[in-house]
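J.: Sharing structure00.csv (CSV, C-alpha atoms) below.
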```csv
chain,number,residue,atom,x,y,z
A,154,ARG,CA,35.2,17.2,-6.0
A,155,LEU,CA,31.6,18.4,-5.9
A,156,ALA,CA,29.2,17.9,-3.1
A,157,MET,CA,26.0,16.1,-3.9
A,158,SER,CA,23.9,19.2,-3.3
A,159,GLU,CA,26.0,21.2,-5.7
A,160,VAL,CA,25.7,18.6,-8.5
A,161,TYR,CA,22.0,18.3,-7.9
A,162,ALA,CA,21.4,22.0,-7.9
A,163,ALA,CA,23.3,22.4,-11.1
A,164,GLY,CA,21.3,19.6,-12.8
A,165,ARG,CA,18.1,21.0,-11.5
A,166,THR,CA,18.7,24.4,-13.1
A,167,ALA,CA,20.0,22.9,-16.3
A,168,SER,CA,17.2,20.5,-17.0
A,169,LYS,CA,13.7,19.7,-15.8
A,170,LEU,CA,13.5,17.2,-12.9
A,171,SER,CA,12.2,13.8,-13.8
A,172,GLY,CA,8.7,13.0,-12.6
A,173,ALA,CA,10.1,10.1,-10.5
A,174,THR,CA,12.6,12.4,-8.7
A,175,ARG,CA,9.8,14.9,-8.0
A,176,LYS,CA,7.8,12.0,-6.5
A,177,LEU,CA,10.7,10.9,-4.4
A,178,LEU,CA,11.2,14.4,-3.0
A,179,GLN,CA,7.5,14.7,-2.3
A,180,HIS,CA,7.4,11.2,-0.6
A,181,THR,CA,10.3,12.0,1.6
A,182,GLY,CA,10.2,15.7,2.1
A,183,ALA,CA,13.9,15.9,1.3
A,184,LYS,CA,15.5,18.7,-0.6
A,185,VAL,CA,18.1,16.5,-2.3
A,186,PRO,CA,17.3,13.0,-3.6
A,187,VAL,CA,19.8,11.4,-1.2
A,188,ILE,CA,18.7,8.8,1.4
A,189,LYS,CA,20.8,7.5,4.3
A,190,GLY,CA,20.3,3.7,4.3
A,191,PRO,CA,19.1,2.0,7.5
A,192,MET,CA,22.4,0.6,8.6
A,193,TYR,CA,23.6,-1.7,11.4
A,194,PRO,CA,25.7,0.0,12.6
A,195,GLY,CA,24.8,3.5,11.5
A,196,SER,CA,21.4,4.5,12.9
A,197,ASN,CA,22.4,6.6,15.9
A,198,PRO,CA,20.0,9.6,16.2
A,199,GLU,CA,22.8,12.1,15.6
A,200,LEU,CA,23.5,10.7,12.2
A,201,VAL,CA,19.9,10.2,11.1
A,202,ALA,CA,19.1,13.8,12.1
A,203,ALA,CA,22.2,15.3,10.5
A,204,VAL,CA,21.4,13.7,7.1
A,205,SER,CA,17.8,15.0,7.2
A,206,ASP,CA,18.9,18.4,8.5
A,207,ALA,CA,21.4,18.8,5.6
A,208,GLY,CA,18.6,18.3,3.1
A,209,GLY,CA,18.8,14.5,2.6
A,210,PHE,CA,16.6,11.9,4.2
A,211,GLY,CA,17.7,9.8,7.2
A,212,VAL,CA,16.2,6.3,7.7
A,213,VAL,CA,16.3,4.6,11.1
A,214,GLN,CA,17.1,0.9,11.5
A,215,PRO,CA,15.2,0.0,14.7
A,216,ILE,CA,17.4,-2.9,15.9
A,217,SER,CA,20.4,-0.6,15.4
A,218,LEU,CA,18.8,2.2,17.3
A,219,THR,CA,17.8,0.0,20.2
A,220,HIS,CA,20.1,-3.0,20.5
A,221,LEU,CA,23.3,-1.4,19.2
A,222,TYR,CA,22.9,2.2,20.4
A,223,GLY,CA,20.9,1.5,23.5
A,224,HIS,CA,17.9,3.8,23.0
A,225,ASP,CA,14.3,3.1,23.9
A,226,PHE,CA,12.7,3.2,20.4
A,227,ARG,CA,10.2,6.0,21.2
A,228,ASP,CA,12.9,8.0,23.0
A,229,GLY,CA,15.2,7.5,20.1
A,230,LEU,CA,12.7,8.9,17.6
A,231,ARG,CA,12.0,11.8,19.9
A,232,LEU,CA,15.7,12.6,20.2
A,233,ILE,CA,15.9,12.8,16.4
A,234,LYS,CA,13.0,15.2,16.3
A,235,LYS,CA,14.8,17.3,18.9
A,236,LEU,CA,17.9,17.4,16.7
A,237,THR,CA,16.1,18.4,13.5
A,238,ASN,CA,12.7,19.6,12.3
A,239,ARG,CA,13.2,17.8,9.0
A,240,PRO,CA,11.4,14.5,8.2
A,241,PHE,CA,13.0,11.1,8.5
A,242,GLY,CA,11.9,7.5,7.9
A,243,VAL,CA,11.9,4.1,9.6
A,244,ASN,CA,13.0,0.7,8.2
A,245,PHE,CA,11.1,-2.5,9.0
A,246,THR,CA,12.6,-5.9,8.1
A,247,LEU,CA,9.9,-8.5,7.6
A,248,MET,CA,11.5,-11.6,9.1
A,249,PRO,CA,9.5,-14.9,9.7
A,250,ASN,CA,9.9,-14.7,13.4
A,251,LYS,CA,6.8,-14.3,15.6
A,252,LYS,CA,8.7,-12.6,18.5
A,253,TYR,CA,10.4,-10.2,16.2
A,254,MET,CA,7.2,-9.5,14.2
A,255,ARG,CA,5.4,-8.5,17.5
A,256,ARG,CA,8.2,-6.2,18.3
A,257,MET,CA,8.2,-4.7,14.8
A,258,GLU,CA,4.4,-4.1,15.0
A,259,GLU,CA,5.0,-2.2,18.3
A,260,TRP,CA,7.7,-0.1,16.7
A,261,MET,CA,5.4,0.6,13.7
A,262,ASP,CA,2.7,1.8,16.1
A,263,ILE,CA,5.1,4.0,17.9
A,264,SER,CA,6.4,5.4,14.6
A,265,ILE,CA,2.9,6.3,13.6
A,266,GLU,CA,2.2,8.0,16.9
A,267,GLU,CA,5.5,9.9,16.6
A,268,GLY,CA,4.5,11.3,13.2
A,269,VAL,CA,6.8,9.3,10.9
A,270,THR,CA,5.5,9.5,7.4
A,271,PHE,CA,7.8,7.2,5.5
A,272,PHE,CA,8.5,3.4,5.9
A,273,LEU,CA,11.1,1.4,4.1
A,274,THR,CA,10.4,-2.3,4.2
A,275,SER,CA,13.0,-5.1,3.6
A,276,LEU,CA,12.5,-8.8,2.9
A,277,GLY,CA,9.1,-10.6,3.1
A,278,LYS,CA,5.8,-9.4,1.7
A,279,PRO,CA,4.9,-5.8,2.5
A,280,ASP,CA,1.2,-6.1,1.9
A,281,ALA,CA,0.1,-5.8,5.6
A,282,VAL,CA,2.5,-2.9,6.2
A,283,VAL,CA,1.2,-1.0,3.1
A,284,ARG,CA,-2.4,-1.4,4.3
A,285,LYS,CA,-1.6,-0.1,7.8
A,286,ALA,CA,0.6,2.7,6.4
A,287,GLU,CA,-1.9,3.9,3.9
A,288,ALA,CA,-4.5,4.1,6.6
A,289,HIS,CA,-2.3,6.8,8.2
A,290,GLY,CA,-1.1,8.5,5.1
A,291,ILE,CA,2.4,7.0,5.2
A,292,THR,CA,4.5,6.3,2.1
A,293,VAL,CA,6.1,2.8,1.8
A,294,TYR,CA,9.2,1.9,-0.3
A,295,HIS,CA,10.5,-1.7,-0.5
A,296,ASP,CA,13.9,-3.1,-0.9
A,297,VAL,CA,14.2,-5.2,-4.2
A,298,HIS,CA,17.0,-7.1,-5.8
A,299,THR,CA,15.2,-8.5,-8.9
A,300,PRO,CA,12.5,-7.4,-11.3
A,301,GLU,CA,10.3,-10.3,-9.9
A,302,VAL,CA,10.6,-9.0,-6.4
A,303,ALA,CA,9.8,-5.5,-7.7
A,304,ARG,CA,6.6,-6.8,-9.3
A,305,LYS,CA,5.4,-8.4,-6.1
A,306,ALA,CA,6.2,-5.3,-4.1
A,307,CYS,CA,4.3,-3.0,-6.6
A,308,ASP,CA,1.4,-5.5,-6.6
A,309,ALA,CA,1.4,-5.1,-2.8
A,310,GLY,CA,0.9,-1.3,-3.3
A,311,VAL,CA,4.3,0.1,-2.4
A,312,HIS,CA,5.0,3.7,-3.6
A,313,GLY,CA,8.6,3.3,-4.6
A,314,LEU,CA,11.5,0.7,-5.0
A,315,ASN,CA,14.8,0.7,-3.3
A,316,CYS,CA,17.0,-1.1,-5.9
A,317,LEU,CA,19.8,-3.0,-4.3
A,318,ASN,CA,22.8,-3.5,-6.6
A,319,ASP,CA,26.0,-5.4,-6.4
A,320,SER,CA,28.1,-2.4,-5.3
A,321,MET,CA,26.4,-1.8,-1.9
A,322,GLY,CA,27.8,-2.7,1.5
A,323,GLY,CA,26.4,-5.2,3.9
A,324,GLN,CA,23.6,-7.5,2.5
A,325,THR,CA,24.3,-6.8,-1.2
A,326,GLY,CA,22.4,-7.1,-4.4
A,327,ASN,CA,23.3,-9.4,-7.4
A,328,ARG,CA,23.4,-7.1,-10.5
A,329,SER,CA,24.9,-3.8,-11.5
A,330,ALA,CA,23.0,-0.5,-11.1
A,331,GLU,CA,23.1,-0.1,-14.9
A,332,ALA,CA,21.7,-3.6,-15.6
A,333,PHE,CA,19.1,-3.3,-12.9
A,334,VAL,CA,17.5,0.0,-14.0
A,335,GLU,CA,17.4,-1.3,-17.6
A,336,GLN,CA,15.6,-4.4,-16.5
A,337,LEU,CA,13.2,-2.5,-14.3
A,338,VAL,CA,12.3,0.0,-17.1
A,339,ALA,CA,11.9,-2.9,-19.6
A,340,ALA,CA,9.5,-4.4,-17.1
A,341,GLY,CA,7.4,-1.3,-17.0
A,342,PHE,CA,8.5,0.4,-13.7
A,343,GLN,CA,9.7,3.6,-15.3
A,344,ASP,CA,7.0,5.7,-13.6
A,345,VAL,CA,7.8,4.3,-10.1
A,346,PRO,CA,10.5,6.1,-8.1
A,347,LEU,CA,13.6,3.9,-8.3
A,348,VAL,CA,16.3,4.5,-5.8
A,349,CYS,CA,19.9,3.4,-6.6
A,350,ALA,CA,21.2,1.6,-3.6
A,351,GLY,CA,24.9,0.9,-3.8
A,352,GLY,CA,28.2,2.3,-5.1
A,353,VAL,CA,27.4,6.1,-4.8
A,354,ALA,CA,29.5,8.2,-2.5
A,355,ASP,CA,29.9,11.6,-4.2
A,356,GLY,CA,28.2,14.2,-6.4
A,357,ALA,CA,29.4,12.6,-9.6
A,358,GLY,CA,27.9,9.3,-8.5
A,359,LEU,CA,24.5,11.0,-7.9
A,360,GLN,CA,24.7,12.6,-11.3
A,361,ARG,CA,25.4,9.2,-13.0
A,362,ALA,CA,22.5,7.6,-11.1
A,363,LEU,CA,20.1,10.3,-12.2
A,364,ALA,CA,21.3,10.1,-15.8
A,365,LEU,CA,20.6,6.3,-15.7
A,366,GLY,CA,17.0,7.0,-14.8
A,367,TYR,CA,17.0,6.6,-11.1
A,368,ALA,CA,15.0,9.0,-9.0
A,369,GLY,CA,17.6,9.3,-6.3
A,370,VAL,CA,20.3,7.4,-4.4
A,371,GLN,CA,20.6,5.6,-1.1
A,372,LEU,CA,24.0,5.8,0.6
A,373,GLY,CA,25.4,3.7,3.4
A,374,THR,CA,29.2,3.5,3.4
A,375,ARG,CA,29.6,7.2,2.8
A,376,PHE,CA,27.6,8.1,5.9
A,377,ILE,CA,29.5,5.7,8.1
A,378,ALA,CA,32.7,7.7,7.4
A,379,THR,CA,31.2,10.9,8.8
A,380,HIS,CA,31.8,12.7,12.1
A,381,GLU,CA,28.2,12.1,13.2
A,382,CYS,CA,28.2,8.3,12.8
A,383,ARG,CA,29.0,6.5,16.1
A,384,VAL,CA,31.5,3.8,15.1
A,385,THR,CA,35.2,3.5,15.8
A,386,ASP,CA,37.7,5.8,14.1
A,387,ALA,CA,39.4,2.5,12.9
A,388,TYR,CA,36.2,1.7,11.0
A,389,LYS,CA,36.0,5.1,9.4
A,390,GLN,CA,39.6,5.2,8.5
A,391,ALA,CA,39.4,1.7,7.0
A,392,ILE,CA,36.7,3.0,4.6
A,393,VAL,CA,38.9,6.0,3.7
A,394,ARG,CA,41.9,3.8,3.0
A,395,ALA,CA,40.0,1.1,1.1
A,396,ARG,CA,39.6,1.0,-2.7
A,397,ALA,CA,36.9,-0.9,-4.7
A,398,GLU,CA,39.2,-4.0,-5.1
A,399,ASP,CA,39.4,-4.2,-1.3
A,400,ILE,CA,35.7,-5.1,-1.1
A,401,VAL,CA,34.9,-8.8,-0.9
A,402,TRP,CA,31.7,-10.9,-0.5
A,403,THR,CA,31.3,-13.5,2.2
A,404,ASN,CA,28.4,-15.6,3.2
A,405,LYS,CA,29.9,-16.6,6.6
A,406,LEU,CA,28.3,-13.8,8.5
A,407,ALA,CA,24.6,-13.9,7.7
A,408,GLY,CA,24.2,-16.8,5.3
A,409,THR,CA,23.8,-14.6,2.3
A,410,ASN,CA,26.4,-12.5,0.6
A,411,SER,CA,27.7,-9.6,2.7
A,412,SER,CA,30.0,-7.0,1.3
A,413,VAL,CA,32.9,-6.2,3.6
A,414,ILE,CA,36.4,-4.7,3.6
A,415,ARG,CA,39.0,-7.4,3.1
A,416,THR,CA,41.0,-7.9,6.3
A,417,PRO,CA,42.9,-10.8,7.8
A,418,GLN,CA,40.0,-11.4,10.2
A,419,VAL,CA,37.6,-11.6,7.3
A,420,GLU,CA,39.7,-13.9,5.3
A,421,SER,CA,40.6,-16.2,8.2
A,422,GLY,CA,39.2,-19.7,7.3
A,423,GLY,CA,38.0,-18.5,3.9
A,424,LEU,CA,35.1,-16.4,2.7
A,425,ARG,CA,32.5,-19.1,2.2
A,426,VAL,CA,30.7,-21.4,4.7
A,427,ASN,CA,31.7,-25.0,5.1
A,428,PRO,CA,29.9,-27.7,3.1
A,429,VAL,CA,27.6,-28.7,6.0
A,430,VAL,CA,26.3,-25.1,6.5
A,431,ALA,CA,26.0,-24.7,2.7
A,432,TYR,CA,23.7,-27.7,2.7
A,433,LEU,CA,21.6,-26.3,5.5
A,434,LEU,CA,21.3,-23.0,3.7
A,435,ARG,CA,20.1,-24.8,0.5
A,436,ASN,CA,17.7,-27.2,2.2
A,437,SER,CA,14.1,-25.9,2.2
A,438,TYR,CA,13.4,-27.3,5.7
A,439,THR,CA,16.5,-25.8,7.3
A,440,LYS,CA,17.5,-22.6,5.4
A,441,THR,CA,15.2,-20.2,7.2
A,442,LEU,CA,16.3,-21.3,10.7
A,443,THR,CA,19.9,-21.4,9.6
A,444,ARG,CA,19.9,-17.9,8.2
A,445,THR,CA,18.1,-16.6,11.3
A,446,LEU,CA,20.7,-18.1,13.6
A,447,MET,CA,23.5,-16.8,11.4
A,448,LEU,CA,22.0,-13.3,11.2
A,449,THR,CA,21.5,-13.2,15.0
A,450,ARG,CA,25.2,-14.1,15.5
A,451,ALA,CA,26.2,-11.5,12.8
A,452,LEU,CA,24.4,-8.8,14.7
A,453,THR,CA,26.6,-9.5,17.7
A,454,VAL,CA,29.7,-9.3,15.5
A,455,TYR,CA,28.6,-6.1,13.8
A,456,LYS,CA,28.0,-4.5,17.2
A,457,LYS,CA,31.5,-5.4,18.3
A,458,ALA,CA,32.9,-4.0,15.1
A,459,ALA,CA,31.1,-0.7,15.7
A,460,PHE,CA,32.8,-0.1,19.1
A,461,ASP,CA,35.9,-2.3,19.3
A,462,PRO,CA,38.8,-1.1,17.0
A,463,ASP,CA,40.3,-4.6,17.2
A,464,CYS,CA,37.3,-6.2,15.5
A,465,GLU,CA,38.0,-5.7,11.8
A,466,LEU,CA,34.7,-7.0,10.3
A,467,TRP,CA,33.7,-3.8,8.6
A,468,GLN,CA,30.7,-3.7,6.2
A,469,ALA,CA,31.3,-1.5,3.2
A,470,GLY,CA,30.4,-1.2,-0.5
A,471,ARG,CA,32.5,-0.4,-3.6
A,472,GLY,CA,31.7,3.3,-3.1
A,473,VAL,CA,34.8,3.4,-0.9
A,474,GLU,CA,36.7,4.2,-4.1
A,475,HIS,CA,35.2,7.7,-4.0
A,476,ILE,CA,35.6,8.4,-0.2
A,477,LYS,CA,38.8,10.3,0.6
A,478,ALA,CA,38.1,11.7,4.1
A,479,VAL,CA,35.8,11.6,7.1
A,480,GLU,CA,33.5,14.5,6.6
A,481,SER,CA,30.3,16.0,8.2
A,482,CYS,CA,27.0,15.0,6.7
A,483,VAL,CA,26.4,18.5,5.5
A,484,GLU,CA,29.7,18.3,3.6
```
Spell out the structure here as structure tokens.

T.:
Amino acid sequence: RLAMSEVYAAGRTASKLSGATRKLLQHTGAKVPVIKGPMYPGSNPELVAAVSDAGGFGVVQPISLTHLYGHDFRDGLRLIKKLTNRPFGVNFTLMPNKKYMRRMEEWMDISIEEGVTFFLTSLGKPDAVVRKAEAHGITVYHDVHTPEVARKACDAGVHGLNCLNDSMGGQTGNRSAEAFVEQLVAAGFQDVPLVCAGGVADGAGLQRALALGYAGVQLGTRFIATHECRVTDAYKQAIVRARAEDIVWTNKLAGTNSSVIRTPQVESGGLRVNPVVAYLLRNSYTKTLTRTLMLTRALTVYKKAAFDPDCELWQAGRGVEHIKAVESCVE
């Protein structure tokens, strides 16, 4: 079983790096094209710093850092900087909520003041973020799950695309990594750094993603099952024990498909919302509010799952198939 750095080093000496991979490494400052996704849970400073310190690239999820792990946002960023002198990024989810957007803008200003040089945006239109970031020399990548969303993101001026596939944990994509990269290349995105988000958990997975044409990979589940991640041992061991067929999708948590480990608690009452909630999620007048309310409730559930071993609502992707032990980030 090869570590990601070993596979990457072998590939780098055997063949020339793709232009897109070189761009990704330049944009992030990483030594290896491996990004730690902005997870909730999974954005404690120790984990973010450990990934970057090992040569990858840690990304902070602000709500996870503050609400779940209890850090003041600025203090959390400063703690990461104390733990490593390597660069890291910050994720901003663009939700249609005025109170949240004001908080996000505050976090963005603090990130700029603290010297963060990489933003990953999720949902929404990243136009305003790109304009603000570029004024400060900051790189912006955007989460995309279809070629249409990729086009809108590139038209907004983002520098790279985080390509969500159907093997990732949490809020999942809707197509395979293989199909998605083919569609993106056919649509003319071959010169944009494309990050494979989902299903990768070891060096062989990284090698496969690079061979498909991705510039690098984003990992979530693999980094939850590390010594540095602050979640229960029960959560970590559930990931180690799980296989790909143990991963199921449910829309009962956040209103959209979430990829989780099958447990009796997850399956209680079924994996899909009831007909009334399904209607509210489809209706153009009620879907945004319904999803916002469900996501707010889901954050409470995910927080409990991070610290209470009896709460078995564990987000994870199909990469569990390749995770055999809890390891350190450098391993």

J.: Nearest residue to Val212 of chain A out of A:Val185, A:Ile291, A:Leu372, A:Leu314, using all atoms listed in the file?

T.: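 Nearest to Val212 of chain A: A:Leu372.
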
J.: If you count all atoms listed in the file, which residues fall within 10 Å of segment 320-327 of chain A, apart from same-chain ones fewer than 3 positions away, as a ChimeraX atom specification?

T.: /A:192-193,297-299,316-317,330,333,349-353,371-374,397,400-404,406-414,467-473

J.: Residues near Asp461 of chain A, anyone? I mean within 12 Å using only C-alpha atoms, not counting same-chain ones fewer than 5 positions away, as a count of residues only.

T.: 12

J.: Choose the residue, out of A:Thr181, A:His220, A:Ala332, A:Thr441, that has the smallest atom-to-atom separation from Gly313 of chain A; count all atoms listed in the file.

T.: A:Thr181

J.: Work out how far apart atom CA of Lys184 of chain A and atom CA of Arg239 of chain A are and give it in Å to one decimal.

T.: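 Atom CA of Arg239 of chain A lies at a distance of 9.9 Å from atom CA of Lys184 of chain A.
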
J.: Report, in Å to a single decimal, how far apart atom CA of Ala354 of chain A and atom CA of Thr174 of chain A are.

T.: 18.5 Å

J.: Select, from A:Gly310, A:Pro191, A:Pro249, A:Gly242, the residue with the minimum atom-to-atom distance to Lys285 of chain A, counting all atoms listed in the file.

T.: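 Closest candidate: A:Gly310.
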
J.: Is it possible to dump segment 291-380 of chain A as a PDB file, in the first residue's frame, including just C-alpha atoms?

T.:
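Contents of part-v8.pdb, as written:
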```
ATOM      1  CA  ILE A 291      -6.120  35.444  -3.776  1.00  0.00           C
ATOM      2  CA  THR A 292      -6.884  32.337  -5.849  1.00  0.00           C
ATOM      3  CA  VAL A 293     -10.501  31.087  -5.982  1.00  0.00           C
ATOM      4  CA  TYR A 294     -11.717  27.572  -6.808  1.00  0.00           C
ATOM      5  CA  HIS A 295     -15.428  26.697  -6.900  1.00  0.00           C
ATOM      6  CA  ASP A 296     -17.351  23.502  -6.141  1.00  0.00           C
ATOM      7  CA  VAL A 297     -19.144  22.220  -9.255  1.00  0.00           C
ATOM      8  CA  HIS A 298     -21.316  19.174  -9.888  1.00  0.00           C
ATOM      9  CA  THR A 299     -22.300  19.688 -13.558  1.00  0.00           C
ATOM     10  CA  PRO A 300     -20.634  21.147 -16.667  1.00  0.00           C
ATOM     11  CA  GLU A 301     -23.271  23.903 -16.634  1.00  0.00           C
ATOM     12  CA  VAL A 302     -22.260  25.017 -13.138  1.00  0.00           C
ATOM     13  CA  ALA A 303     -18.613  24.766 -14.196  1.00  0.00           C
ATOM     14  CA  ARG A 304     -19.281  27.151 -17.083  1.00  0.00           C
ATOM     15  CA  LYS A 305     -20.947  29.703 -14.811  1.00  0.00           C
ATOM     16  CA  ALA A 306     -18.076  29.455 -12.330  1.00  0.00           C
ATOM     17  CA  CYS A 307     -15.437  29.982 -15.022  1.00  0.00           C
ATOM     18  CA  ASP A 308     -17.412  32.876 -16.480  1.00  0.00           C
ATOM     19  CA  ALA A 309     -17.289  34.401 -12.978  1.00  0.00           C
ATOM     20  CA  GLY A 310     -13.488  34.208 -13.157  1.00  0.00           C
ATOM     21  CA  VAL A 311     -12.588  31.335 -10.819  1.00  0.00           C
ATOM     22  CA  HIS A 312      -9.127  29.853 -11.247  1.00  0.00           C
ATOM     23  CA  GLY A 313      -9.980  26.163 -10.769  1.00  0.00           C
ATOM     24  CA  LEU A 314     -12.856  23.732 -10.299  1.00  0.00           C
ATOM     25  CA  ASN A 315     -13.478  21.330  -7.429  1.00  0.00           C
ATOM     26  CA  CYS A 316     -15.380  18.548  -9.190  1.00  0.00           C
ATOM     27  CA  LEU A 317     -17.874  16.818  -6.891  1.00  0.00           C
ATOM     28  CA  ASN A 318     -18.559  13.210  -7.898  1.00  0.00           C
ATOM     29  CA  ASP A 319     -20.975  10.553  -6.663  1.00  0.00           C
ATOM     30  CA  SER A 320     -18.397   8.805  -4.458  1.00  0.00           C
ATOM     31  CA  MET A 321     -17.799  11.663  -2.037  1.00  0.00           C
ATOM     32  CA  GLY A 322     -19.096  11.860   1.507  1.00  0.00           C
ATOM     33  CA  GLY A 323     -21.573  14.386   2.858  1.00  0.00           C
ATOM     34  CA  GLN A 324     -23.292  16.559   0.236  1.00  0.00           C
ATOM     35  CA  THR A 325     -22.495  14.413  -2.762  1.00  0.00           C
ATOM     36  CA  GLY A 326     -22.264  14.841  -6.528  1.00  0.00           C
ATOM     37  CA  ASN A 327     -24.404  13.064  -9.113  1.00  0.00           C
ATOM     38  CA  ARG A 328     -21.986  11.446 -11.605  1.00  0.00           C
ATOM     39  CA  SER A 329     -18.844   9.362 -11.554  1.00  0.00           C
ATOM     40  CA  ALA A 330     -15.370  10.874 -11.522  1.00  0.00           C
ATOM     41  CA  GLU A 331     -14.709   9.233 -14.912  1.00  0.00           C
ATOM     42  CA  ALA A 332     -17.859  10.589 -16.562  1.00  0.00           C
ATOM     43  CA  PHE A 333     -17.445  14.044 -15.066  1.00  0.00           C
ATOM     44  CA  VAL A 334     -13.894  14.636 -16.282  1.00  0.00           C
ATOM     45  CA  GLU A 335     -14.868  13.427 -19.775  1.00  0.00           C
ATOM     46  CA  GLN A 336     -17.763  15.876 -19.852  1.00  0.00           C
ATOM     47  CA  LEU A 337     -15.632  18.750 -18.595  1.00  0.00           C
ATOM     48  CA  VAL A 338     -12.862  18.121 -21.120  1.00  0.00           C
ATOM     49  CA  ALA A 339     -15.437  17.845 -23.917  1.00  0.00           C
ATOM     50  CA  ALA A 340     -16.832  21.193 -22.792  1.00  0.00           C
ATOM     51  CA  GLY A 341     -13.405  22.823 -23.123  1.00  0.00           C
ATOM     52  CA  PHE A 342     -12.192  22.923 -19.511  1.00  0.00           C
ATOM     53  CA  GLN A 343      -9.024  20.871 -20.082  1.00  0.00           C
ATOM     54  CA  ASP A 344      -6.736  23.823 -19.290  1.00  0.00           C
ATOM     55  CA  VAL A 345      -8.475  24.592 -15.983  1.00  0.00           C
ATOM     56  CA  PRO A 346      -7.183  22.738 -12.890  1.00  0.00           C
ATOM     57  CA  LEU A 347      -9.841  20.102 -12.162  1.00  0.00           C
ATOM     58  CA  VAL A 348      -9.801  18.583  -8.670  1.00  0.00           C
ATOM     59  CA  CYS A 349     -11.337  15.131  -8.223  1.00  0.00           C
ATOM     60  CA  ALA A 350     -13.521  15.327  -5.102  1.00  0.00           C
ATOM     61  CA  GLY A 351     -14.742  11.939  -3.972  1.00  0.00           C
ATOM     62  CA  GLY A 352     -13.716   8.291  -3.735  1.00  0.00           C
ATOM     63  CA  VAL A 353      -9.956   8.742  -3.312  1.00  0.00           C
ATOM     64  CA  ALA A 354      -8.337   7.477  -0.121  1.00  0.00           C
ATOM     65  CA  ASP A 355      -4.873   6.159  -1.043  1.00  0.00           C
ATOM     66  CA  GLY A 356      -1.962   6.540  -3.421  1.00  0.00           C
ATOM     67  CA  ALA A 357      -3.479   4.297  -6.063  1.00  0.00           C
ATOM     68  CA  GLY A 358      -6.597   6.460  -6.080  1.00  0.00           C
ATOM     69  CA  LEU A 359      -4.502   9.575  -6.579  1.00  0.00           C
ATOM     70  CA  GLN A 360      -2.677   7.884  -9.443  1.00  0.00           C
ATOM     71  CA  ARG A 361      -5.974   6.929 -11.114  1.00  0.00           C
ATOM     72  CA  ALA A 362      -7.317  10.479 -10.792  1.00  0.00           C
ATOM     73  CA  LEU A 363      -4.194  11.991 -12.342  1.00  0.00           C
ATOM     74  CA  ALA A 364      -4.352   9.445 -15.171  1.00  0.00           C
ATOM     75  CA  LEU A 365      -7.955  10.464 -15.878  1.00  0.00           C
ATOM     76  CA  GLY A 366      -6.832  14.045 -16.368  1.00  0.00           C
ATOM     77  CA  TYR A 367      -7.498  15.591 -12.974  1.00  0.00           C
ATOM     78  CA  ALA A 368      -4.929  18.037 -11.613  1.00  0.00           C
ATOM     79  CA  GLY A 369      -5.253  16.660  -8.101  1.00  0.00           C
ATOM     80  CA  VAL A 370      -7.664  15.262  -5.532  1.00  0.00           C
ATOM     81  CA  GLN A 371      -9.736  16.427  -2.575  1.00  0.00           C
ATOM     82  CA  LEU A 372     -10.072  14.017   0.350  1.00  0.00           C
ATOM     83  CA  GLY A 373     -12.597  14.141   3.167  1.00  0.00           C
ATOM     84  CA  THR A 374     -13.355  10.700   4.599  1.00  0.00           C
ATOM     85  CA  ARG A 375      -9.692   9.622   4.632  1.00  0.00           C
ATOM     86  CA  PHE A 376      -8.751  12.633   6.779  1.00  0.00           C
ATOM     87  CA  ILE A 377     -11.557  12.038   9.286  1.00  0.00           C
ATOM     88  CA  ALA A 378      -9.955   8.678  10.070  1.00  0.00           C
ATOM     89  CA  THR A 379      -6.710  10.294  11.232  1.00  0.00           C
ATOM     90  CA  HIS A 380      -5.208  10.849  14.652  1.00  0.00           C
TER      91      HIS A 380
END
```
